[in-house]
Structures are given as C-alpha cells and as structure tokens.
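Asker: Structure: target21.cif, mmCIF, C-alpha atoms.
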```cif
data_final
loop_
_atom_site.label_atom_id
_atom_site.label_comp_id
_atom_site.auth_asym_id
_atom_site.auth_seq_id
_atom_site.Cartn_x
_atom_site.Cartn_y
_atom_site.Cartn_z
CA MET E 1 24.37 -35.62 1.67
CA GLY E 2 26.82 -37.89 -0.10
CA ALA E 3 26.21 -35.88 -3.28
CA LEU E 4 27.05 -32.60 -1.51
CA ARG E 5 30.22 -34.19 -0.24
CA ALA E 6 31.13 -35.41 -3.71
CA GLU E 7 30.81 -31.79 -4.91
CA LYS E 8 33.07 -30.74 -2.03
CA ILE E 9 30.35 -28.58 -0.50
CA ARG E 10 30.65 -28.54 3.27
CA PHE E 11 27.50 -28.78 5.38
CA GLN E 12 26.36 -29.46 8.92
CA LEU E 13 23.05 -30.55 10.38
CA ILE E 14 21.51 -27.83 12.54
CA GLY E 15 18.20 -26.86 14.15
CA MET E 16 15.70 -29.20 15.76
CA SER E 17 16.54 -32.05 13.39
CA ALA E 18 20.06 -31.97 14.87
CA ALA E 19 18.49 -31.77 18.34
CA VAL E 20 16.31 -34.82 17.64
CA LEU E 21 19.39 -36.84 16.62
CA GLN E 22 20.99 -35.92 19.95
CA GLY E 23 18.05 -37.13 22.00
CA VAL E 24 15.78 -34.10 22.40
CA PRO E 25 12.26 -35.59 22.37
CA VAL E 26 10.59 -33.13 20.02
CA VAL E 27 9.10 -33.52 16.57
CA THR E 28 10.25 -31.70 13.47
CA HIS E 29 9.07 -32.05 9.90
CA ASP E 30 12.25 -31.05 8.09
CA VAL E 31 15.99 -31.43 8.17
CA ASP E 32 17.98 -28.20 8.33
CA LEU E 33 21.33 -28.30 6.57
CA TRP E 34 23.66 -25.34 6.93
CA ILE E 35 25.51 -25.14 3.63
CA ASP E 36 28.91 -23.48 3.33
CA LEU E 37 27.99 -21.45 0.23
CA PRO E 38 26.91 -17.85 -0.26
CA ALA E 39 23.10 -17.57 -0.31
CA ARG E 40 23.15 -16.35 -3.92
CA GLN E 41 24.37 -19.81 -4.93
CA TYR E 42 21.29 -21.54 -3.49
CA MET E 43 20.55 -23.24 -6.81
CA ARG E 44 23.79 -25.24 -6.62
CA ALA E 45 22.58 -27.25 -3.64
CA VAL E 46 19.09 -27.59 -5.12
CA ASN E 47 20.46 -28.79 -8.47
CA ILE E 48 22.62 -31.41 -6.76
CA ALA E 49 19.59 -32.67 -4.83
CA VAL E 50 17.39 -32.72 -7.94
CA ARG E 51 20.05 -34.77 -9.75
CA GLU E 52 19.68 -37.28 -6.90
CA SER E 53 15.92 -37.52 -7.65
CA ALA E 54 14.76 -34.98 -5.07
CA THR E 55 12.00 -32.50 -5.91
CA MET E 56 12.35 -28.77 -5.49
CA VAL E 57 9.60 -27.46 -3.20
CA ARG E 58 10.81 -23.88 -2.69
CA ASN E 59 14.04 -22.02 -3.43
CA THR E 60 15.76 -23.56 -0.45
CA VAL E 61 13.55 -26.58 0.30
CA ILE E 62 13.67 -29.95 -1.42
CA GLU E 63 11.78 -33.18 -0.86
CA LEU E 64 13.71 -36.45 -1.01
CA SER E 65 12.17 -39.53 -2.60
CA ASP E 66 11.19 -40.89 0.85
CA GLY E 67 9.28 -37.68 1.65
CA MET E 68 11.95 -36.15 3.85
CA LEU E 69 12.02 -32.37 3.54
CA VAL E 70 15.44 -30.75 3.55
CA ASN E 71 15.87 -27.05 4.16
CA PHE E 72 19.13 -25.50 2.94
CA ILE E 73 20.28 -22.69 5.23
CA TYR E 74 22.98 -20.18 4.31
CA ALA E 75 23.20 -18.03 7.46
CA VAL E 76 22.52 -18.78 11.10
CA THR E 77 21.71 -16.11 13.68
CA GLY E 78 23.60 -15.89 16.97
CA LEU E 79 26.52 -18.14 16.07
CA GLY E 80 30.04 -17.86 14.68
CA SER E 81 31.06 -18.51 11.10
CA PHE E 82 30.36 -21.81 9.38
CA ALA E 83 33.98 -22.91 9.85
CA THR E 84 34.00 -22.00 13.56
CA GLU E 85 30.81 -23.93 14.23
CA LEU E 86 31.90 -26.88 12.10
CA LYS E 87 34.89 -27.39 14.40
CA LYS E 88 32.49 -27.93 17.31
CA ALA E 89 30.21 -30.28 15.37
CA GLN E 90 30.09 -33.93 16.34
CA LYS E 91 30.02 -36.70 13.79
CA MET E 92 26.90 -38.84 13.90
CA LYS E 93 25.63 -41.64 11.73
CA PHE E 94 22.38 -40.70 10.03
CA HIS E 95 20.76 -42.49 7.10
CA GLY E 96 23.94 -44.46 6.46
CA CYS E 97 26.18 -41.37 6.30
CA GLU E 98 28.49 -39.94 8.91
CA ILE E 99 27.59 -36.27 9.09
CA PRO E 100 28.60 -33.27 11.22
CA VAL E 101 25.87 -32.35 13.70
CA MET E 102 25.75 -29.06 15.59
CA PRO E 103 25.95 -29.60 19.37
CA LEU E 104 22.92 -28.83 21.54
CA GLU E 105 24.65 -25.89 23.23
CA SER E 106 25.07 -24.10 19.89
CA ILE E 107 21.51 -24.89 18.77
CA ARG E 108 20.32 -23.42 22.05
CA ARG E 109 22.41 -20.27 21.53
CA SER E 110 20.98 -19.73 18.07
CA LYS E 111 17.42 -20.19 19.33
CA ALA E 112 18.01 -17.82 22.23
CA ALA E 113 19.21 -15.19 19.73
CA LEU E 114 16.16 -15.65 17.50
CA MET E 115 13.42 -16.12 20.13
CA ARG E 116 10.57 -16.84 17.73
CA ASP E 117 7.28 -18.05 19.25
CA LYS E 118 8.37 -21.70 19.11
CA ASP E 119 11.88 -21.18 20.51
CA PRO E 120 11.18 -21.02 24.29
CA ALA E 121 9.61 -24.51 24.15
CA HIS E 122 12.57 -25.83 22.15
CA ILE E 123 15.07 -24.24 24.55
CA HIS E 124 13.25 -25.86 27.48
CA ALA E 125 13.44 -29.30 25.82
CA ILE E 126 17.14 -28.80 25.02
CA ASP E 127 17.90 -27.74 28.61
CA GLN E 128 16.09 -30.77 30.03
CA THR E 129 17.94 -33.08 27.66
CA LEU E 130 21.34 -31.59 28.57
CA ARG E 131 20.51 -31.94 32.27
CA LEU E 132 19.35 -35.55 31.94
CA ARG E 133 22.17 -36.50 29.58
CA ASN E 134 24.66 -35.48 32.26
CA LYS E 135 22.91 -37.81 34.71
CA THR E 136 23.22 -40.76 32.35
CA LYS E 137 26.98 -40.33 31.78
CA MET B 1 27.72 -44.50 29.64
CA LYS B 2 28.44 -46.72 26.66
CA ALA B 3 26.33 -46.51 23.53
CA THR B 4 22.77 -47.64 24.03
CA SER B 5 19.80 -48.26 21.79
CA LEU B 6 16.06 -47.94 22.26
CA LYS B 7 15.79 -51.38 23.83
CA ASP B 8 18.00 -50.14 26.72
CA TRP B 9 15.62 -47.35 27.72
CA ARG B 10 14.88 -48.93 31.10
CA LYS B 11 18.57 -48.65 32.02
CA VAL B 12 18.51 -44.95 31.20
CA TYR B 13 15.21 -44.56 33.04
CA GLY B 14 16.84 -46.07 36.13
CA ARG B 15 19.42 -43.27 36.09
CA ILE B 16 16.94 -40.42 35.74
CA LYS B 17 13.95 -41.70 37.68
CA HIS B 18 14.73 -39.60 40.77
CA THR B 19 15.07 -36.37 38.78
CA ARG B 20 12.87 -33.61 40.13
CA GLY B 21 10.54 -31.52 38.02
CA LEU B 22 9.46 -34.22 35.57
CA ASP B 23 6.40 -36.44 35.76
CA GLU B 24 6.55 -40.16 35.05
CA HIS B 25 5.46 -39.76 31.45
CA GLU B 26 8.20 -37.21 30.76
CA LYS B 27 10.85 -39.37 32.37
CA ILE B 28 9.93 -42.29 30.11
CA LEU B 29 9.87 -39.98 27.08
CA TYR B 30 13.37 -38.66 27.84
CA ALA B 31 14.69 -42.11 28.76
CA ARG B 32 13.55 -43.53 25.41
CA SER B 33 14.93 -40.61 23.48
CA LEU B 34 18.29 -40.61 25.27
CA ALA B 35 18.70 -44.37 24.98
CA ALA B 36 17.94 -44.51 21.25
CA THR B 37 20.55 -44.34 18.50
CA PRO B 38 20.41 -41.28 16.19
CA ASP B 39 18.66 -43.32 13.49
CA GLU B 40 16.13 -44.67 16.00
CA ARG B 41 15.47 -41.14 17.23
CA TRP B 42 14.78 -39.95 13.70
CA GLN B 43 12.59 -42.99 13.07
CA MET B 44 10.47 -42.12 16.12
CA ASN B 45 10.12 -38.55 14.82
CA GLU B 46 9.12 -39.77 11.36
CA THR B 47 6.71 -42.40 12.66
CA PHE B 48 4.99 -39.84 14.86
CA LEU B 49 4.55 -37.38 11.98
CA ARG B 50 3.38 -40.09 9.57
CA SER B 51 0.75 -41.18 12.09
CA PHE B 52 -0.84 -37.73 11.68
CA GLY B 53 -0.30 -37.57 7.92
CA LEU B 54 2.25 -34.81 8.44
CA TRP B 55 5.19 -36.28 6.55
CA GLY B 56 6.56 -34.82 3.35
CA ARG B 57 5.43 -31.93 1.21
CA SER B 58 1.78 -32.24 2.28
CA ALA B 59 2.89 -31.31 5.80
CA LEU B 60 3.95 -27.88 4.57
CA LYS B 61 0.45 -27.18 3.27
CA LYS B 62 -1.12 -28.37 6.52
CA PHE B 63 1.25 -26.28 8.64
CA ALA B 64 0.71 -23.29 6.40
CA SER B 65 -3.06 -23.52 6.67
CA SER B 66 -3.06 -23.87 10.47
#
```
Can you present the structure in this file as structure tokens?
Answerer:
Amino acid sequence: MGALRAEKIRFQLIGMSAAVLQGVPVVTHDVDLWIDLPARQYMRAVNIAVRESATMVRNTVIELSDGMLVNFIYAVTGLGSFATELKKAQKMKFHGCEIPVMPLESIRRSKAALMRDKDPAHIHAIDQTLRLRNKTK
Amino acid sequence: MKATSLKDWRKVYGRIKHTRGLDEHEKILYARSLAATPDERWQMNETFLRSFGLWGRSALKKFASS
C-alpha cells in the first residue's frame, strides 16, 4: 500500500475486508482495494505489487509474501465515483499504514445493489454491527 | 466510547448485553469484534482462516472446488 502511495495511485479499502476492520465479525480471505485507475491499466498495480515481492495470482489478484491475497478493483457497483467515496472514507491503521477505509454504510449500499448469494448474510452482519456500535458510543 | 482493544471486550459486552434478537454467543462475538483494534480484528480473521488451512493462494483453489 505504501508502494501504491509512492506511485501516487489513490486507493481505498472496500468490501468485507473493510467491514472486518470496522468490527463486523465475518471472515474474508482477501483484501479488496479499489484503485483509482482505469481498468485497462490493471497491470500497473500488479507490477508495483510484484516489485514489492508479491506474486501475481490472476490479472487483478496478487499474493503478498505473508500469504495475504489482495484483489484490485477498478469499478464498484451502486456507489458514486472513486473521488466521491474517498471523501467519505475513514482513515484506519492497518499493517502499519494509515489507509482510507470505506464506511459500513457505503459497503452495505454496494452489496444491496449487487445482491449476490452471499450479500444478504453480509448485509445482516453489517446492520447488526451498526446497531450495536451505536449502543457502545 | 474511547478507543478499546480486544482485552476490553467485557466492557463492550456490558453495553450490549441487553440487546434483543441476539443469543449469548452472538453478543460475545460482536463484543469482541467491536472492542478490538483494526489490526486485532484482521488478526482474528487471519487466525480463523489459517486454522482451516484457508489462508493464501491455496484458499482460492479450495473455494473454487467447493
């Protein structure tokens, strides 16, 4: 993530990995990074990661040296532009870096727009977390 | 509430224990997750996956075959 920053490529953490960091008790096997690049430039992000000793798994998926899978995303359904969503992102410390993380409300909106088989369960967990988080404030 | 970490989960549990619609197990699960720091939350996720051998590239093959 530091390498992306050094190349001045903006990104934000999205999806259930972002939800996990905000306290949603689910399990996810990869980290979704929304990259502010056109999809046709997918190799730029992959090349940067490979230079940092990651391994390319698929066109948009890399594996870091500790086994963490990172999925580069170039478009997100149901949300505004990258810049609009980035303004709402909250900074969180993750793996020694301060990174922008998409808020739960936006993750929920994207999942509600997609509604794949797994999304209702994720939406339920997000709703419960938002409800309980309010009680702990 | 000020920043907490995993060790403070009982404090968080105390605030949500009267919530309706969740059983005891779920309340503890949410209390631990809400109390933890972002890094602790990710660590719990990773530890859980590793315990089933589902961490890293091999997980993709296992998910794909299921």
Asker: Counting all atoms listed in the file, which residues of chain E fall within 10 Å of chain B, and what is the closest atom pair for each with its distance in Å at one decimal, ordered by chain and rising number, as JSON lines?
Answerer:
```
{"residue": "E:Ser17", "atom": "CA", "partner": "B:Trp42", "partner_atom": "CA", "distance": 8.1}
{"residue": "E:Ala18", "atom": "CA", "partner": "B:Pro38", "partner_atom": "CA", "distance": 9.4}
{"residue": "E:Ala19", "atom": "CA", "partner": "B:Arg41", "partner_atom": "CA", "distance": 9.9}
{"residue": "E:Val20", "atom": "CA", "partner": "B:Arg41", "partner_atom": "CA", "distance": 6.4}
{"residue": "E:Leu21", "atom": "CA", "partner": "B:Pro38", "partner_atom": "CA", "distance": 4.6}
{"residue": "E:Gln22", "atom": "CA", "partner": "B:Pro38", "partner_atom": "CA", "distance": 6.6}
{"residue": "E:Gly23", "atom": "CA", "partner": "B:Leu34", "partner_atom": "CA", "distance": 4.8}
{"residue": "E:Val24", "atom": "CA", "partner": "B:Ser33", "partner_atom": "CA", "distance": 6.7}
{"residue": "E:Pro25", "atom": "CA", "partner": "B:Ser33", "partner_atom": "CA", "distance": 5.8}
{"residue": "E:Val26", "atom": "CA", "partner": "B:Asn45", "partner_atom": "CA", "distance": 7.5}
{"residue": "E:Val27", "atom": "CA", "partner": "B:Asn45", "partner_atom": "CA", "distance": 5.4}
{"residue": "E:Thr28", "atom": "CA", "partner": "B:Asn45", "partner_atom": "CA", "distance": 7.0}
{"residue": "E:His29", "atom": "CA", "partner": "B:Trp55", "partner_atom": "CA", "distance": 6.6}
{"residue": "E:Asp30", "atom": "CA", "partner": "B:Gly56", "partner_atom": "CA", "distance": 8.3}
{"residue": "E:Thr55", "atom": "CA", "partner": "B:Arg57", "partner_atom": "CA", "distance": 9.7}
{"residue": "E:Val57", "atom": "CA", "partner": "B:Arg57", "partner_atom": "CA", "distance": 7.5}
{"residue": "E:Val61", "atom": "CA", "partner": "B:Arg57", "partner_atom": "CA", "distance": 9.8}
{"residue": "E:Ile62", "atom": "CA", "partner": "B:Arg57", "partner_atom": "CA", "distance": 8.9}
{"residue": "E:Glu63", "atom": "CA", "partner": "B:Arg57", "partner_atom": "CA", "distance": 6.8}
{"residue": "E:Leu64", "atom": "CA", "partner": "B:Gly56", "partner_atom": "CA", "distance": 8.5}
{"residue": "E:Ser65", "atom": "CA", "partner": "B:Gly56", "partner_atom": "CA", "distance": 9.4}
{"residue": "E:Asp66", "atom": "CA", "partner": "B:Gly56", "partner_atom": "CA", "distance": 8.0}
{"residue": "E:Gly67", "atom": "CA", "partner": "B:Gly56", "partner_atom": "CA", "distance": 4.3}
{"residue": "E:Met68", "atom": "CA", "partner": "B:Gly56", "partner_atom": "CA", "distance": 5.6}
{"residue": "E:Leu69", "atom": "CA", "partner": "B:Gly56", "partner_atom": "CA", "distance": 6.0}
{"residue": "E:Val70", "atom": "CA", "partner": "B:Gly56", "partner_atom": "CA", "distance": 9.8}
{"residue": "E:Met92", "atom": "CA", "partner": "B:Pro38", "partner_atom": "CA", "distance": 7.3}
{"residue": "E:Lys93", "atom": "CA", "partner": "B:Pro38", "partner_atom": "CA", "distance": 6.9}
{"residue": "E:Phe94", "atom": "CA", "partner": "B:Asp39", "partner_atom": "CA", "distance": 5.7}
{"residue": "E:His95", "atom": "CA", "partner": "B:Asp39", "partner_atom": "CA", "distance": 6.8}
{"residue": "E:Gly96", "atom": "CA", "partner": "B:Asp39", "partner_atom": "CA", "distance": 8.9}
{"residue": "E:Ala125", "atom": "CA", "partner": "B:Tyr30", "partner_atom": "CA", "distance": 9.6}
{"residue": "E:Gln128", "atom": "CA", "partner": "B:Tyr30", "partner_atom": "CA", "distance": 8.6}
{"residue": "E:Thr129", "atom": "CA", "partner": "B:Tyr30", "partner_atom": "CA", "distance": 7.2}
{"residue": "E:Arg131", "atom": "CA", "partner": "B:Thr19", "partner_atom": "CA", "distance": 9.6}
{"residue": "E:Leu132", "atom": "CA", "partner": "B:Ile16", "partner_atom": "CA", "distance": 6.6}
{"residue": "E:Arg133", "atom": "CA", "partner": "B:Leu34", "partner_atom": "CA", "distance": 7.1}
{"residue": "E:Asn134", "atom": "CA", "partner": "B:Ile16", "partner_atom": "CA", "distance": 9.8}
{"residue": "E:Lys135", "atom": "CA", "partner": "B:Ile16", "partner_atom": "CA", "distance": 6.6}
{"residue": "E:Thr136", "atom": "CA", "partner": "B:Arg15", "partner_atom": "CA", "distance": 5.9}
{"residue": "E:Lys137", "atom": "CA", "partner": "B:Met1", "partner_atom": "CA", "distance": 4.7}
```
Asker: To test your reading of the syntax: which residues would the PyMOL selection byres ((chain E and resi 73-75) around 10) return for the file shown? Reply as a PyMOL selection string.
Answerer: chain E and resi 11-14+32-42+60-61+70-72+76-82
Asker: Rounded to one decimal place, report the CA of Asp8 (chain B)-CA of Lys91 (chain E) distance in Å.
Answerer: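 Taking CA of Asp8 (chain B) and CA of Lys91 (chain E), their separation equals 22.2 Å.
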Asker: For Leu114 (chain E), find every residue with an atom within 12 Å (counting all atoms listed in the file), except residues of its own chain fewer than 3 positions away, and show them as a ChimeraX atom specification.
Answerer: /E:15,76-79,107-111,117-120,122-123
